[in-house]
Structure formats: C-alpha cells, structure tokens
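**Q** I'd like to ask you about the structure that follows.
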Amino acid sequence: MSEQQFYHALKVDEDKCYGCTHCMNVCPTDAIRIREGIARIRKDWCVDCGECMKACPVDAIYVEQDDFERIFDFKHRVAVLPSVFIGQFSKQIQESEIIDVLHNLGFTHVVPAEATVDTINEAMLDEYTSDRDKPLISSFCPSIVRLIQVKFPGLVNNIIPIKPPIDSTAIYYRQMLLDEGNKAEEIGIFYVTPCASKIATVKDPVGESESFVDGVINMDFLYNKVYHILNNRNQEATKESKAVPYVTPKGLRWSLTEGESSHMEGRCLAIDEIHNVIKFLNKVENDEIINVDFLELRACDQSCAGGVLLSENRFLTVERLKKRAERIEQNNGEVNFFSFDQKEYIKQNLELGKIEPRSMMSLDNDMATAIKKMERVRSIMCYLPGIDCGACGSPSCESLARDIVLKDGHISNCVFMQRMMEKTKKLDPMHSIRIIEKTWGKDRLDKDCYKKGAKNEGI
Amino acid sequence: MEFNYEVEGGNFAKAGNAASSVKKVLKQLNVDPKVIKRVVVALYEGEVNVVAHAYKGNIMVDIDTERIFIKISDEGPGIPDIDLAMTVGYSTASAMVREMGFGAGMGLPNMKRNADSLNLTSKVGKGTVVELTTNLPK
C-alpha cells in the first residue's frame, strides 16, 4: 500500500448517486467533489466520519463490509461486540438473550469490545503524569485521529499512543484462544462495527503494520438479524437468563460521551460531533484554551450511539445503555474478567505505533510555490461570486479556486462565471451546457419526473 | 503576500478570528507546525490586547519565504510605560476583562517570547503599534 493511499470503508454507489451536493456540503474536510454527476471522495482527505452517508438522501453512500458467510471459514468464530449494539435493545431484552442469538447465528464466542477498558484507563492515567503535550487527546475515535493527522498536524503528539479497546480486545482474545491450544488459522475475529471509521482503521490501522481482526460486520446488518429473531421468538421458551453481567458498567458507558473523560484526572472535557471537535481543536491550536489536561473527542453526535451503522435512535441508545449500567451497579455486579497475568498481557500490548501528521492543507511542499499558488487563489476569488452554491462541483468558491490552482477545476465550472462570459461573448452557450454536463453528467438538466421530489417519484 | 484583518475593540467573542485565519493560510503554505504555533500564539495575544484595551485595530500580515511579519496597530489609550507593560504579571486590564479570564499580564511578554523580534511604539491617547517578526528556517 503506497503512502498516500488509505483504505476507506465509505463507497459511492454510482447507480444511486445523482450528484445532489448534500454530502459535499456536510463533509468536514472538504473531501467531496461532484464530477460527471457523481460524488467523488478524495481518498487522502477523507477521515471516514460518515457525515456524507448520514446526509445522503438516496442511500448512495454505503459502507463496505465482509460477507457474513466468511465467518464459517473459521472453526473459532469470535464476534467483538461494542456495547452500543446492546444499547439499541429495550430493557426487556437481557444481554444474555442477545448473546444467545449471536451464538445461534454462528459465532462461537461473543466478547465485549470494551472488555479491556480498565487496563486502557490505567495506562491512560499513567500518561497523565508523563511529559506529553497537554491536553492529552484520546485515540479512541479513529476519525478523530485521522482528522488530527490531516487538519491539525501540530497536535499529533497530543494523542495518547494507546490502542483503542477494540484493538486490544481483539489481540487479547486471539492470544487467549492460542493459549488454549487452538491453531492460529482456525481463529477468526470479527468486529461488529458501529461506523465507517472503525472499519477503515481495522483494515488499515493508523500507526500499525497489520490488522488485528479477520473481518468486519456492519452493526445494522447484525442488528436486523438479531432484532428479527428476538421479535419472533417463542416468549414461553425464553430461558431464565444467567446472572453474569456482560461487561462492567464502565465498559458499557465507555463509548458514550463522557465515557472516558469521567475516568480521567485533572481538567477533562468531552466533545462530540466532528464539526464541534474541529471548532474546539482550532482554539486548542491557538493556545486559546489552556490548562485542560484531557480531551475525549468523538466524531459522532452522542459518540458511538450516533454511529452511522446504528439502527436505533441515538438518544434512546444512550439512555438504555446508562440504565443497563445502573442496574448492574445496583445489583452489585462486580465484573472481574481478567486475572493479574491477563491484565499484564493486555497492558504490554497496548502501545500504538507512531501517528504521523499528513496535512492535506498545503498548496505545495515548496513554500515559494505555495505562496504563488495562494496569490492565484486570491486573485481568482476576486472573480468568483462568493455564493458557495456548489454548482461547480466544489463545496465553496474558495475550494473551487484552490481546485483550479491545483489543476482539478476550471473557472468556467462556475455557473455565474459562465453567465458573465456569455455576456461578454467569451463563451458560447452550447459550450457552457457541455461544461455543466461534465460536472453534473449528461442530460442531467433534462426534464425528469422520476427524480426525488418530482411528481412520478417512486413509480 | 499581504493579509489585512480588522479588530473590533471590546468584542471578545471575535478575538482569535485573525489568528485562526492566519493559521489557515500558513498551513496552506506548508509552514512547519511548530513555527505556525508560535506565530499564532503571538498573534492571538496581540489580538486580545486590542480587544481588551483599544477601540479598534488593524492587523497586517506579510508573508514571504524568509519571514512572517505582523503589524498590529490600534486606536486606543496607548501605553505610558512600555517597560512596565512588558513586565510579566503587570496588567491594566479592567475588572470586567479579568473576570472573562483575560488580563493576567502575560500578553506582551508572551508575544515577545514567541516572536523572533518585537517592536513596540505607542502614543498615549492615540494608540499602539506592535511589530512582530518570525524568521523562517531555510
């Protein structure tokens, strides 16, 4: 894999996409352009936050997943299951029932993704006393790690180099199965992901040479299967649930907003939703915010409960998870999964490799050339209308000006510039139609009563 | 290449806007993040000074491959004793400004620390001009 190529889980279905600009307008890193009527995601700019997928009105943006049947390639089939999966179910459904269904679907082991959070938390607290730049930033959310790499390269050293729970849980369970005498090739670890960025990071982990899981299953896919089975089960036949809690209350809450920050020391802040995070990091970079020790930053609103692959409403999921955690606490459910030796093994395998900055902001590596290019951007901006309509296929006038300078656009892509050029007879009207077709696809402006919102929609 | 920004006296909500814009420019010019940080921190302090003390101000930033030059000019009360103003912890900020978390007497010293050179001229009753230069490594 070359240095500039990053694996991305988000794909555009070219048959469904009709180039409506919704995704382009919400992308926090300006990674989307419309070309020939289709949204194109710039691979090295994208941080896999999934905002585009949430905004798409026709489900043209999807998350690639592994074929579920692939789990049967392995004798030992481990599902690494984040707690937000459980949080989607109402309190009438016991955790053990959900896990039983997953076993029936074919998994031999179901392990909580947050099983290792206690050890992770200890290691994070050790960092608090280190000489690392403050505020410390959690590496929990992969989109945030990527965001810092591309947009805030000066803050990469603030990221705590500790593996997120999913990675360390996967590593630990693989080792545990090996220790039990199982063959390496018989162990298949599958991660049930709530979002696109987790997929990207398990396929192409930042700061690591290889992945810890053998496959990824989208949470919505599995939720639908489990929900359907639980809904159609024979109520009478439901066996009394085992009293063993699935994961600690802390583990249940870890992926929610304040899940981490409430267990850290000093002045800690939790910020969710990627645009909020960007605004905050801008201030951190300016030293406008000082004396903060720890930042928990999550790309989704309501953190993982707001993951793009969750089916249930995120606020309900948060409430249900918190209630489950409280119930375990009330029942005095001490959950102790690991022995001292096991904890030591987890701890020894927590370190994350180096996270390198890879800024996507610069116009050129050479400063003199970059200055020239920026001067051109500024003079092009004298002509562009400043309306940010997106009709050129770029998210704003300024990004079109940058695209022009970086040779991925032309000033006549602007529909207002076309009008001005037609007025001064510098552009033939037929030519401007051809330009529009290049951005928006052929016949895009022809009458079409089957498009979204038109009278024959859905027929 | 020159950039100009206006600063409104008394409006703390907007303090930092010029610093953020300059940061965005410097990132696009592939300036070393460590240098960007120093420039932006110094500029932010200067911006806050104008907001906290002056009626209005203007920030001019001139960038070439050798150095980043920033000139912050304001119309305001001016500084009667510049040496005193440069002292760490000395502040003339009003109680209101302090209540907002500013006015710790660190502004000018912090600017001096983060720039390669700082030149300050002031006329009492007229205003203040601060010039900051940050040299770029070859």
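In the structure tokens, chains take the letters A, B, ... in the order shown, each chain's residues start at 1, and ligands count up from 1 in the order shown.
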Set the distance at 12 Å and use only C-alpha atoms: which residues neighbour region 124-132 of chain A once local chain neighbours fewer than 3 positions away are removed? I'd like the list as a short mmCIF file (atom, residue, chain, number, x, y, z; two decimals) with N, CA and C atoms, in the first residue's frame.

**A**
data_model
loop_
_atom_site.label_atom_id
_atom_site.label_comp_id
_atom_site.auth_asym_id
_atom_site.auth_seq_id
_atom_site.Cartn_x
_atom_site.Cartn_y
_atom_site.Cartn_z
N VAL A 117 -11.23 -2.06 28.86
CA VAL A 117 -11.16 -0.62 29.17
C VAL A 117 -10.49 -0.30 30.51
N ASP A 118 -10.58 -1.21 31.49
CA ASP A 118 -9.94 -0.90 32.78
C ASP A 118 -8.43 -0.78 32.63
N THR A 119 -7.86 -1.71 31.90
CA THR A 119 -6.41 -1.68 31.69
C THR A 119 -6.03 -0.46 30.85
N ILE A 120 -6.86 -0.17 29.84
CA ILE A 120 -6.60 1.01 29.00
C ILE A 120 -6.66 2.27 29.85
N ASN A 121 -7.66 2.34 30.70
CA ASN A 121 -7.82 3.50 31.56
C ASN A 121 -6.58 3.70 32.45
N PRO A 135 -3.37 19.55 26.03
CA PRO A 135 -4.18 18.47 26.56
C PRO A 135 -3.90 17.13 25.87
N LEU A 136 -3.94 16.06 26.66
CA LEU A 136 -3.86 14.73 26.09
C LEU A 136 -5.14 14.50 25.29
N ILE A 137 -4.99 13.84 24.15
CA ILE A 137 -6.18 13.55 23.34
C ILE A 137 -6.31 12.03 23.22
N SER A 138 -7.50 11.54 23.47
CA SER A 138 -7.74 10.10 23.40
C SER A 138 -7.65 9.60 21.97
N SER A 139 -7.14 8.39 21.80
CA SER A 139 -7.06 7.79 20.47
C SER A 139 -8.30 6.93 20.18
N PHE A 140 -9.31 7.03 21.03
CA PHE A 140 -10.48 6.15 20.92
C PHE A 140 -11.15 6.20 19.55
N LEU A 155 -0.97 18.82 16.32
CA LEU A 155 -1.48 18.21 17.56
C LEU A 155 -1.30 16.69 17.62
N VAL A 156 -0.61 16.10 16.63
CA VAL A 156 -0.50 14.63 16.64
C VAL A 156 0.22 14.13 17.89
N ASN A 157 1.14 14.93 18.42
CA ASN A 157 1.86 14.47 19.61
C ASN A 157 1.02 14.54 20.89
N ASN A 158 -0.15 15.16 20.81
CA ASN A 158 -1.04 15.18 21.97
C ASN A 158 -1.85 13.89 22.08
N ILE A 159 -1.89 13.12 20.99
CA ILE A 159 -2.70 11.89 21.02
C ILE A 159 -2.01 10.84 21.89
N ILE A 160 -2.75 10.29 22.82
CA ILE A 160 -2.19 9.25 23.70
C ILE A 160 -1.96 7.98 22.86
N PRO A 161 -0.72 7.50 22.78
CA PRO A 161 -0.46 6.35 21.89
C PRO A 161 -0.85 5.03 22.52
N ILE A 162 -2.11 4.90 22.83
CA ILE A 162 -2.62 3.67 23.44
C ILE A 162 -3.72 3.13 22.55
N LYS A 163 -3.67 1.84 22.31
CA LYS A 163 -4.65 1.24 21.41
C LYS A 163 -6.07 1.42 21.94
N PRO A 164 -7.02 1.67 21.03
CA PRO A 164 -8.42 1.71 21.46
C PRO A 164 -8.89 0.32 21.89
N PRO A 165 -9.98 0.25 22.67
CA PRO A 165 -10.43 -1.03 23.25
C PRO A 165 -10.61 -2.15 22.22
N GLU A 260 -15.03 8.20 28.70
CA GLU A 260 -13.62 8.23 29.07
C GLU A 260 -13.32 9.38 30.02
N SER A 261 -13.82 10.59 29.68
CA SER A 261 -13.40 11.79 30.43
C SER A 261 -13.77 11.68 31.91
N SER A 262 -14.87 10.94 32.21
CA SER A 262 -15.27 10.85 33.62
C SER A 262 -14.32 9.96 34.42
N HIS A 263 -13.42 9.25 33.73
CA HIS A 263 -12.46 8.40 34.45
C HIS A 263 -11.04 8.91 34.34
N MET A 264 -10.87 10.13 33.86
CA MET A 264 -9.52 10.68 33.75
C MET A 264 -9.30 11.70 34.86
N GLU A 265 -8.04 12.11 35.01
CA GLU A 265 -7.72 13.04 36.09
C GLU A 265 -7.49 14.44 35.54
N GLY A 266 -7.57 15.41 36.42
CA GLY A 266 -7.32 16.80 36.03
C GLY A 266 -8.56 17.39 35.40
N ARG A 267 -8.34 18.40 34.56
CA ARG A 267 -9.47 19.05 33.92
C ARG A 267 -9.76 18.33 32.61
N CYS A 268 -10.91 17.69 32.52
CA CYS A 268 -11.23 16.85 31.37
C CYS A 268 -12.47 17.37 30.66
N VAL A 292 -6.16 22.62 30.16
CA VAL A 292 -7.02 21.45 30.02
C VAL A 292 -6.09 20.24 29.93
N ASP A 293 -6.40 19.19 30.69
CA ASP A 293 -5.50 18.04 30.75
C ASP A 293 -5.86 16.94 29.76
N PHE A 294 -7.17 16.77 29.55
CA PHE A 294 -7.57 15.62 28.74
C PHE A 294 -8.78 15.96 27.88
N LEU A 295 -8.71 15.53 26.63
CA LEU A 295 -9.84 15.72 25.72
C LEU A 295 -10.33 14.37 25.20
N GLU A 296 -11.62 14.14 25.42
CA GLU A 296 -12.27 12.99 24.80
C GLU A 296 -13.00 13.54 23.59
N LYS A 347 -1.81 -5.09 28.97
CA LYS A 347 -1.06 -3.85 29.15
C LYS A 347 0.18 -3.81 28.24
N LEU A 350 -0.53 -2.67 24.53
CA LEU A 350 -1.39 -1.51 24.34
C LEU A 350 -0.77 -0.41 23.49
N GLU A 351 0.55 -0.45 23.38
CA GLU A 351 1.20 0.70 22.75
C GLU A 351 0.86 0.81 21.26
#

**Q** Taking only C-alpha atoms into account and nothing else, which residues of chain B lie no more than 8 Å away from chain A? Please answer as an NGL selection string.

**A** :B and (1 or 16 or 19-20 or 27-31 or 33-34 or 37 or 40-41 or 44 or 64-65)

**Q** Write the residues you've just listed into a file as a PDB file, in the first residue's frame, and include C-alpha atoms for each of them.

**A**
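Dumped everything to result_22.pdb:
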ATOM      1  CA  MET B   1       1.845  38.389   0.210  1.00  0.00           C
ATOM      2  CA  GLY B  16      -8.867  34.953  17.736  1.00  0.00           C
ATOM      3  CA  ALA B  19      -5.165  34.271  14.407  1.00  0.00           C
ATOM      4  CA  SER B  20      -7.312  31.428  13.036  1.00  0.00           C
ATOM      5  CA  LYS B  27      -0.951  25.633   6.848  1.00  0.00           C
ATOM      6  CA  GLN B  28      -1.668  26.047   3.144  1.00  0.00           C
ATOM      7  CA  LEU B  29       1.835  27.423   2.677  1.00  0.00           C
ATOM      8  CA  ASN B  30       3.295  24.292   4.273  1.00  0.00           C
ATOM      9  CA  VAL B  31       4.954  26.195   7.117  1.00  0.00           C
ATOM     10  CA  PRO B  33       3.595  23.382  12.502  1.00  0.00           C
ATOM     11  CA  LYS B  34       5.972  24.476  15.300  1.00  0.00           C
ATOM     12  CA  LYS B  37       2.091  27.610  16.586  1.00  0.00           C
ATOM     13  CA  VAL B  40      -0.477  32.103  16.003  1.00  0.00           C
ATOM     14  CA  VAL B  41       0.019  32.253  19.762  1.00  0.00           C
ATOM     15  CA  TYR B  44      -3.704  35.754  19.332  1.00  0.00           C
ATOM     16  CA  ASP B  64       7.446  35.688   2.240  1.00  0.00           C
ATOM     17  CA  THR B  65       9.795  32.706   2.258  1.00  0.00           C
TER      18      THR B  65
END

**Q** Residues at most 7 Å from Gly107 (chain B), counting only C-alpha atoms, excluding those fewer than 3 positions away in the same chain, as a PyMOL selection string?

**A** chain B and resi 45-46+49+110-111

**Q** For the residues selected in the previous step, produce a file with N, CA and C atoms as a PDB file, in the first residue's frame.

**A**
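What landed in part00.pdb:
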ATOM      1  N   GLU B  45      -2.432  36.674  21.182  1.00  0.00           N
ATOM      2  CA  GLU B  45      -2.218  37.562  22.327  1.00  0.00           C
ATOM      3  C   GLU B  45      -2.392  39.018  21.897  1.00  0.00           C
ATOM      4  N   GLY B  46      -1.802  39.358  20.732  1.00  0.00           N
ATOM      5  CA  GLY B  46      -1.904  40.721  20.230  1.00  0.00           C
ATOM      6  C   GLY B  46      -3.347  41.111  19.945  1.00  0.00           C
ATOM      7  N   ASN B  49      -5.106  41.779  23.130  1.00  0.00           N
ATOM      8  CA  ASN B  49      -4.714  43.101  23.646  1.00  0.00           C
ATOM      9  C   ASN B  49      -5.551  44.218  23.031  1.00  0.00           C
ATOM     10  N   ASN B 110       4.365  37.230  26.479  1.00  0.00           N
ATOM     11  CA  ASN B 110       4.140  36.015  25.694  1.00  0.00           C
ATOM     12  C   ASN B 110       4.405  36.252  24.210  1.00  0.00           C
ATOM     13  N   MET B 111       4.033  37.443  23.727  1.00  0.00           N
ATOM     14  CA  MET B 111       4.280  37.784  22.323  1.00  0.00           C
ATOM     15  C   MET B 111       5.782  37.851  22.071  1.00  0.00           C
TER      16      MET B 111
END

**Q** Rounded to one decimal in Å, what is the spacing between CA of Leu256 (chain A) and CA of Ala31 (chain A)?

**A**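 Computed distance, CA of Leu256 (chain A) to CA of Ala31 (chain A), equals 27.1 Å.
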
**Q** Tell me which protein, DNA and RNA residues are within 7 Å of Ile59 (chain B), counting only C-alpha atoms, leaving out same-chain ones fewer than 5 positions away, and put them as a PyMOL selection string.

**A** chain B and resi 4-6+71-73

**Q** Could you turn the residues from that selection into a file that holds N, CA and C atoms, as a JSON list (two decimals), in the first residue's frame?

**A**
[["chain", "number", "residue", "atom", "x", "y", "z"],
["B", 4, "ASN", "N", -4.90, 41.52, 5.53],
["B", 4, "ASN", "CA", -5.33, 42.53, 6.50],
["B", 4, "ASN", "C", -6.58, 42.08, 7.23],
["B", 5, "TYR", "N", -6.61, 42.36, 8.51],
["B", 5, "TYR", "CA", -7.77, 42.00, 9.32],
["B", 5, "TYR", "C", -8.14, 43.17, 10.21],
["B", 6, "GLU", "N", -9.44, 43.40, 10.37],
["B", 6, "GLU", "CA", -9.89, 44.44, 11.30],
["B", 6, "GLU", "C", -10.18, 43.80, 12.65],
["B", 71, "LYS", "N", 2.01, 43.35, 11.80],
["B", 71, "LYS", "CA", 1.92, 44.69, 12.38],
["B", 71, "LYS", "C", 0.51, 44.87, 12.94],
["B", 72, "ILE", "N", 0.44, 45.05, 14.25],
["B", 72, "ILE", "CA", -0.86, 45.24, 14.91],
["B", 72, "ILE", "C", -0.95, 46.70, 15.33],
["B", 73, "SER", "N", -1.84, 47.47, 14.68],
["B", 73, "SER", "CA", -1.96, 48.89, 15.02],
["B", 73, "SER", "C", -3.34, 49.13, 15.62]]

**Q** Residues of region 53-283 of chain A in strand (DSSP E) according to DSSP, as an MDAnalysis selection string?

**A** chainID A and resid 61:63 76:81 109:112 136:137 187:193 215:218 268:272

**Q** Hey, what does DSSP flag as helix (DSSP H, G or I) within chain B? Can you give it to me as a PyMOL selection string?

**A** chain B and resi 12-14+17-28+33-53+82-85+95-99+107-114

**Q** Compare B:Gly105, B:Ile68, B:Phe12, B:Ser117 by their minimum atom-to-atom distance to Thr87 (chain B), counting only C-alpha atoms, and give me the closest one.

**A**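 The answer is B:Gly105, which sits nearest to Thr87 (chain B).
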
**Q** Compile a residue-level contact table for region 38-101 of chain B against region 125-130 of chain B at a cut-off of 10 Å, reporting for every qualifying residue the shortest atom pair and its distance in Å to one decimal, with only C-alpha atoms counted, rows ordered by chain and ascending number, as a Markdown table.

**A**
| residue | atom | partner | partner_atom | distance |
| --- | --- | --- | --- | --- |
| B:Gly46 | CA | B:Val130 | CA | 8.0 |
| B:Val50 | CA | B:Thr128 | CA | 9.0 |
| B:His53 | CA | B:Gly127 | CA | 9.8 |
| B:Ala54 | CA | B:Gly127 | CA | 7.6 |
| B:Tyr55 | CA | B:Gly127 | CA | 9.2 |
| B:Lys56 | CA | B:Gly127 | CA | 9.5 |
| B:Gly57 | CA | B:Gly127 | CA | 9.1 |
| B:Asn58 | CA | B:Val129 | CA | 9.6 |
| B:Ile59 | CA | B:Val130 | CA | 9.6 |
| B:Ile70 | CA | B:Val130 | CA | 8.0 |
| B:Lys71 | CA | B:Val130 | CA | 5.8 |
| B:Ile72 | CA | B:Val130 | CA | 5.1 |
| B:Ser73 | CA | B:Val129 | CA | 4.3 |
| B:Asp74 | CA | B:Gly127 | CA | 5.3 |
| B:Glu75 | CA | B:Gly127 | CA | 4.4 |
| B:Gly76 | CA | B:Gly127 | CA | 4.4 |
| B:Pro77 | CA | B:Gly125 | CA | 4.5 |
| B:Gly78 | CA | B:Gly127 | CA | 4.4 |
| B:Ile79 | CA | B:Thr128 | CA | 7.1 |
| B:Pro80 | CA | B:Gly125 | CA | 9.2 |

**Q** Determine the nearest neighbour of Gly89 (chain B) from the options B:Gly10, B:Pro137, B:Pro109, B:Gly101, counting only C-alpha atoms.

**A**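 Closest candidate: B:Pro109.
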
**Q** Provide the CA of Leu309 (chain A) to CA of Cys20 (chain A) distance in Å, to one decimal place.

**A**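 Calculated distance between CA of Leu309 (chain A) and CA of Cys20 (chain A) is 22.1 Å.
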
**Q** Near Arg320 (chain A), within 7 Å and counting only C-alpha atoms, which residues show up once chain neighbours fewer than 5 positions away are dropped, as an NGL selection string?

**A** :A and (87 or 90-91)

**Q** Okay, now the selection with N, CA and C atoms, as an mmCIF file, in the first residue's frame?

**A**
data_model
loop_
_atom_site.group_PDB
_atom_site.id
_atom_site.type_symbol
_atom_site.label_atom_id
_atom_site.label_comp_id
_atom_site.auth_asym_id
_atom_site.auth_seq_id
_atom_site.Cartn_x
_atom_site.Cartn_y
_atom_site.Cartn_z
ATOM 1 N N GLY A 87 -27.116 -1.616 23.583
ATOM 2 C CA GLY A 87 -27.879 -0.432 23.968
ATOM 3 C C GLY A 87 -29.080 -0.159 23.076
ATOM 4 N N SER A 90 -34.364 -2.767 23.989
ATOM 5 C CA SER A 90 -35.075 -2.280 25.165
ATOM 6 C C SER A 90 -34.710 -3.136 26.382
ATOM 7 N N LYS A 91 -35.048 -2.615 27.568
ATOM 8 C CA LYS A 91 -34.574 -3.270 28.797
ATOM 9 C C LYS A 91 -35.189 -4.650 29.006
#

**Q** Using only C-alpha atoms, which protein or nucleic acid residues come within 10 Å of Ile346 (chain A)? Drop anything in the same chain fewer than 5 positions from it, and give the result as a ChimeraX atom specification.

**A** /A:116,119-120,168-169,171-173,175,338,340-341,351

**Q** Give me the residues within 8 Å of region 98-106 of chain A as a PyMOL selection string, counting only C-alpha atoms and dropping any in the same chain fewer than 2 places off.

**A** chain A and resi 71-72+77+86+93-96+108-110+226+229-230

**Q** Have a look at A:Ile404, A:Asn332, A:Leu10, A:Glu312 and name the one nearest to Pro249 (chain A); count only C-alpha atoms.

**A**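 Nearest to Pro249 (chain A): A:Asn332.
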
**Q** Nearest to Pro82 (chain A): which of A:Ala39, A:Ile34, A:Val192, A:Phe107 is it, counting only C-alpha atoms?

**A**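 Nearest to Pro82 (chain A): A:Val192.
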
**Q** Measure the distance from CA of Glu131 (chain B) to CA of Leu108 (chain B) in Å and round it to one decimal.

**A**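 Interatomic distance, CA of Glu131 (chain B) to CA of Leu108 (chain B): 11.4 Å.
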
**Q** Out of B:Val39, B:Leu118, B:Ala104, B:Ala52, which residue has the shortest atom-to-atom distance to Glu8 (chain B) when counting only C-alpha atoms?

**A**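 Selected residue with least distance to Glu8 (chain B): B:Ala52.
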